[in-house]
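Below: my_file13.txt (compact mmCIF, N, CA and C atoms)
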# COMPACT_ATOMS: atom_id res chain seq x y z
N MET Y 1 -144.98 126.32 -50.40
CA MET Y 1 -145.15 127.65 -50.97
C MET Y 1 -144.23 127.77 -52.19
N TRP Y 2 -144.78 128.18 -53.29
CA TRP Y 2 -144.06 128.20 -54.55
C TRP Y 2 -142.77 129.01 -54.47
N ALA Y 3 -142.81 130.19 -53.89
CA ALA Y 3 -141.63 131.06 -53.85
C ALA Y 3 -140.48 130.42 -53.08
N ILE Y 4 -140.79 129.74 -51.99
CA ILE Y 4 -139.75 129.10 -51.19
C ILE Y 4 -139.13 127.95 -51.98
N GLU Y 5 -139.96 127.13 -52.61
CA GLU Y 5 -139.43 126.02 -53.40
C GLU Y 5 -138.59 126.52 -54.57
N ARG Y 6 -139.04 127.57 -55.20
CA ARG Y 6 -138.28 128.15 -56.32
C ARG Y 6 -136.92 128.67 -55.84
N ALA Y 7 -136.90 129.31 -54.68
CA ALA Y 7 -135.64 129.81 -54.12
C ALA Y 7 -134.68 128.66 -53.85
N LYS Y 8 -135.19 127.55 -53.30
CA LYS Y 8 -134.35 126.38 -53.04
C LYS Y 8 -133.78 125.83 -54.34
N GLU Y 9 -134.61 125.73 -55.37
CA GLU Y 9 -134.16 125.24 -56.68
C GLU Y 9 -133.03 126.09 -57.24
N ARG Y 10 -133.04 127.37 -56.93
CA ARG Y 10 -132.02 128.30 -57.44
C ARG Y 10 -130.86 128.46 -56.46
N ASN Y 11 -130.80 127.60 -55.44
CA ASN Y 11 -129.72 127.62 -54.44
C ASN Y 11 -129.62 128.93 -53.68
N CYS Y 12 -130.75 129.59 -53.48
CA CYS Y 12 -130.76 130.80 -52.65
C CYS Y 12 -130.62 130.39 -51.20
N ASN Y 13 -130.06 131.26 -50.39
CA ASN Y 13 -129.88 130.92 -48.98
C ASN Y 13 -130.80 131.71 -48.05
N ILE Y 14 -131.67 132.55 -48.62
CA ILE Y 14 -132.60 133.31 -47.79
C ILE Y 14 -133.81 133.74 -48.63
N VAL Y 15 -134.96 133.76 -47.98
CA VAL Y 15 -136.17 134.36 -48.55
C VAL Y 15 -136.58 135.45 -47.58
N GLN Y 16 -136.76 136.64 -48.08
CA GLN Y 16 -137.10 137.78 -47.22
C GLN Y 16 -138.41 138.39 -47.71
N LEU Y 17 -139.25 138.78 -46.76
CA LEU Y 17 -140.52 139.41 -47.13
C LEU Y 17 -140.86 140.49 -46.13
N THR Y 18 -141.82 141.31 -46.51
CA THR Y 18 -142.34 142.32 -45.59
C THR Y 18 -143.85 142.13 -45.47
N SER Y 19 -144.35 142.44 -44.29
CA SER Y 19 -145.79 142.37 -44.03
C SER Y 19 -146.12 143.44 -43.01
N ASP Y 20 -147.25 144.07 -43.18
CA ASP Y 20 -147.67 145.14 -42.28
C ASP Y 20 -147.93 144.61 -40.88
N LYS Y 21 -147.47 145.32 -39.86
CA LYS Y 21 -147.70 144.91 -38.47
C LYS Y 21 -149.19 144.86 -38.13
N GLN Y 22 -150.00 145.56 -38.90
CA GLN Y 22 -151.44 145.59 -38.66
C GLN Y 22 -152.16 144.40 -39.29
N ARG Y 23 -151.38 143.40 -39.71
CA ARG Y 23 -151.96 142.17 -40.28
C ARG Y 23 -151.50 140.96 -39.44
N PRO Y 24 -151.99 140.84 -38.21
CA PRO Y 24 -151.50 139.78 -37.33
C PRO Y 24 -151.72 138.37 -37.88
N ASP Y 25 -152.79 138.16 -38.62
CA ASP Y 25 -153.01 136.83 -39.20
C ASP Y 25 -151.92 136.48 -40.20
N ALA Y 26 -151.50 137.46 -41.00
CA ALA Y 26 -150.43 137.23 -41.96
C ALA Y 26 -149.11 136.97 -41.24
N LEU Y 27 -148.84 137.76 -40.19
CA LEU Y 27 -147.60 137.56 -39.43
C LEU Y 27 -147.57 136.16 -38.83
N HIS Y 28 -148.67 135.72 -38.28
CA HIS Y 28 -148.74 134.38 -37.70
C HIS Y 28 -148.54 133.31 -38.77
N PHE Y 29 -149.12 133.51 -39.95
CA PHE Y 29 -148.96 132.58 -41.06
C PHE Y 29 -147.49 132.41 -41.43
N TYR Y 30 -146.77 133.52 -41.57
CA TYR Y 30 -145.37 133.45 -41.94
C TYR Y 30 -144.53 132.82 -40.83
N GLU Y 31 -144.86 133.09 -39.58
CA GLU Y 31 -144.14 132.46 -38.47
C GLU Y 31 -144.34 130.95 -38.49
N LYS Y 32 -145.55 130.50 -38.83
CA LYS Y 32 -145.81 129.06 -38.92
C LYS Y 32 -145.00 128.41 -40.04
N LEU Y 33 -144.66 129.18 -41.06
CA LEU Y 33 -143.83 128.67 -42.15
C LEU Y 33 -142.35 128.64 -41.77
N GLY Y 34 -142.00 129.25 -40.63
CA GLY Y 34 -140.61 129.24 -40.18
C GLY Y 34 -139.90 130.57 -40.31
N PHE Y 35 -140.59 131.59 -40.82
CA PHE Y 35 -139.98 132.91 -40.92
C PHE Y 35 -139.79 133.50 -39.52
N LYS Y 36 -138.72 134.26 -39.34
CA LYS Y 36 -138.42 134.93 -38.08
C LYS Y 36 -138.46 136.43 -38.29
N ALA Y 37 -139.04 137.16 -37.34
CA ALA Y 37 -139.06 138.63 -37.38
C ALA Y 37 -137.70 139.11 -36.90
N THR Y 38 -136.86 139.58 -37.82
CA THR Y 38 -135.48 139.95 -37.48
C THR Y 38 -135.14 141.40 -37.77
N HIS Y 39 -136.01 142.13 -38.46
CA HIS Y 39 -135.69 143.49 -38.86
C HIS Y 39 -136.84 144.44 -38.52
N GLU Y 40 -136.53 145.67 -38.39
CA GLU Y 40 -137.52 146.72 -38.19
C GLU Y 40 -137.59 147.54 -39.48
N GLY Y 41 -138.77 147.96 -39.88
CA GLY Y 41 -138.90 148.73 -41.10
C GLY Y 41 -139.48 150.11 -40.84
N PHE Y 42 -139.29 150.99 -41.81
CA PHE Y 42 -139.78 152.36 -41.70
C PHE Y 42 -140.42 152.78 -43.02
N LYS Y 43 -141.42 153.66 -42.93
CA LYS Y 43 -142.06 154.25 -44.10
C LYS Y 43 -142.16 155.75 -43.88
N LEU Y 44 -142.15 156.47 -44.97
CA LEU Y 44 -142.35 157.92 -44.92
C LEU Y 44 -143.37 158.27 -46.00
N ALA Y 45 -144.54 158.71 -45.59
CA ALA Y 45 -145.55 159.16 -46.55
C ALA Y 45 -145.19 160.58 -46.98
N ILE Y 46 -145.13 160.82 -48.28
CA ILE Y 46 -144.78 162.16 -48.78
C ILE Y 46 -145.86 162.69 -49.70

Could you rewrite the structure in this file as structure tokens?
Amino acid sequence: MWAIERAKERNCNIVQLTSDKQRPDALHFYEKLGFKATHEGFKLAI
């Protein structure tokens, strides 16, 4: 994945992303890449 390789080239120590819980295929895709679900998020529609 381009973004991960670019982060490594720049000596970053973390890649963080957000994905909607209503997209289980996307969540599974990121888990297969090694991402871990570690945070809870919130939205407020105004």

Show which residues sit within 12 Å of Leu17 (chain Y), as an mmCIF file with N, CA and C atoms, in the coordinates of the input. Count only C-alpha atoms, and ignore same-chain residues fewer than 3 positions away.
data_model
loop_
_atom_site.group_PDB
_atom_site.id
_atom_site.type_symbol
_atom_site.label_atom_id
_atom_site.label_comp_id
_atom_site.auth_asym_id
_atom_site.auth_seq_id
_atom_site.Cartn_x
_atom_site.Cartn_y
_atom_site.Cartn_z
ATOM 1 N N ALA Y 3 -142.810 130.190 -53.890
ATOM 2 C CA ALA Y 3 -141.630 131.060 -53.850
ATOM 3 C C ALA Y 3 -140.480 130.420 -53.080
ATOM 4 N N ILE Y 4 -140.790 129.740 -51.990
ATOM 5 C CA ILE Y 4 -139.750 129.100 -51.190
ATOM 6 C C ILE Y 4 -139.130 127.950 -51.980
ATOM 7 N N ILE Y 14 -131.670 132.550 -48.620
ATOM 8 C CA ILE Y 14 -132.600 133.310 -47.790
ATOM 9 C C ILE Y 14 -133.810 133.740 -48.630
ATOM 10 N N ASP Y 20 -147.250 144.070 -43.180
ATOM 11 C CA ASP Y 20 -147.670 145.140 -42.280
ATOM 12 C C ASP Y 20 -147.930 144.610 -40.880
ATOM 13 N N ALA Y 26 -151.500 137.460 -41.000
ATOM 14 C CA ALA Y 26 -150.430 137.230 -41.960
ATOM 15 C C ALA Y 26 -149.110 136.970 -41.240
ATOM 16 N N LEU Y 27 -148.840 137.760 -40.190
ATOM 17 C CA LEU Y 27 -147.600 137.560 -39.430
ATOM 18 C C LEU Y 27 -147.570 136.160 -38.830
ATOM 19 N N TYR Y 30 -146.770 133.520 -41.570
ATOM 20 C CA TYR Y 30 -145.370 133.450 -41.940
ATOM 21 C C TYR Y 30 -144.530 132.820 -40.830
ATOM 22 N N GLU Y 31 -144.860 133.090 -39.580
ATOM 23 C CA GLU Y 31 -144.140 132.460 -38.470
ATOM 24 C C GLU Y 31 -144.340 130.950 -38.490
ATOM 25 N N PHE Y 35 -140.590 131.590 -40.820
ATOM 26 C CA PHE Y 35 -139.980 132.910 -40.920
ATOM 27 C C PHE Y 35 -139.790 133.500 -39.520
ATOM 28 N N LYS Y 36 -138.720 134.260 -39.340
ATOM 29 C CA LYS Y 36 -138.420 134.930 -38.080
ATOM 30 C C LYS Y 36 -138.460 136.430 -38.290
ATOM 31 N N ALA Y 37 -139.040 137.160 -37.340
ATOM 32 C CA ALA Y 37 -139.060 138.630 -37.380
ATOM 33 C C ALA Y 37 -137.700 139.110 -36.900
ATOM 34 N N THR Y 38 -136.860 139.580 -37.820
ATOM 35 C CA THR Y 38 -135.480 139.950 -37.480
ATOM 36 C C THR Y 38 -135.140 141.400 -37.770
ATOM 37 N N HIS Y 39 -136.010 142.130 -38.460
ATOM 38 C CA HIS Y 39 -135.690 143.490 -38.860
ATOM 39 C C HIS Y 39 -136.840 144.440 -38.520
ATOM 40 N N GLU Y 40 -136.530 145.670 -38.390
ATOM 41 C CA GLU Y 40 -137.520 146.720 -38.190
ATOM 42 C C GLU Y 40 -137.590 147.540 -39.480
ATOM 43 N N GLY Y 41 -138.770 147.960 -39.880
ATOM 44 C CA GLY Y 41 -138.900 148.730 -41.100
ATOM 45 C C GLY Y 41 -139.480 150.110 -40.840
#

> What is the distance between atom N of Leu44 (chain Y) and atom N of Lys32 (chain Y), in Å to one decimal?
Replying inline: 26.9 Å

>> Could you pull out the helix (DSSP H, G or I) residues of chain Y, going by DSSP on the backbone, and write them as a ChimeraX atom specification?
In response: /Y:2-9,24-32

> Which distance in Å separates atom C of Ile46 (chain Y) and CA of Gln22 (chain Y), to one decimal?
Replying inline: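 Atom C of Ile46 (chain Y) sits 21.1 Å away from CA of Gln22 (chain Y).
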
> To one decimal place, how far is atom C of Pro24 (chain Y) from CA of Asn11 (chain Y) in Å?
Replying inline: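 Spanning atom C of Pro24 (chain Y) to CA of Asn11 (chain Y) is a straight-line distance of 29.6 Å.
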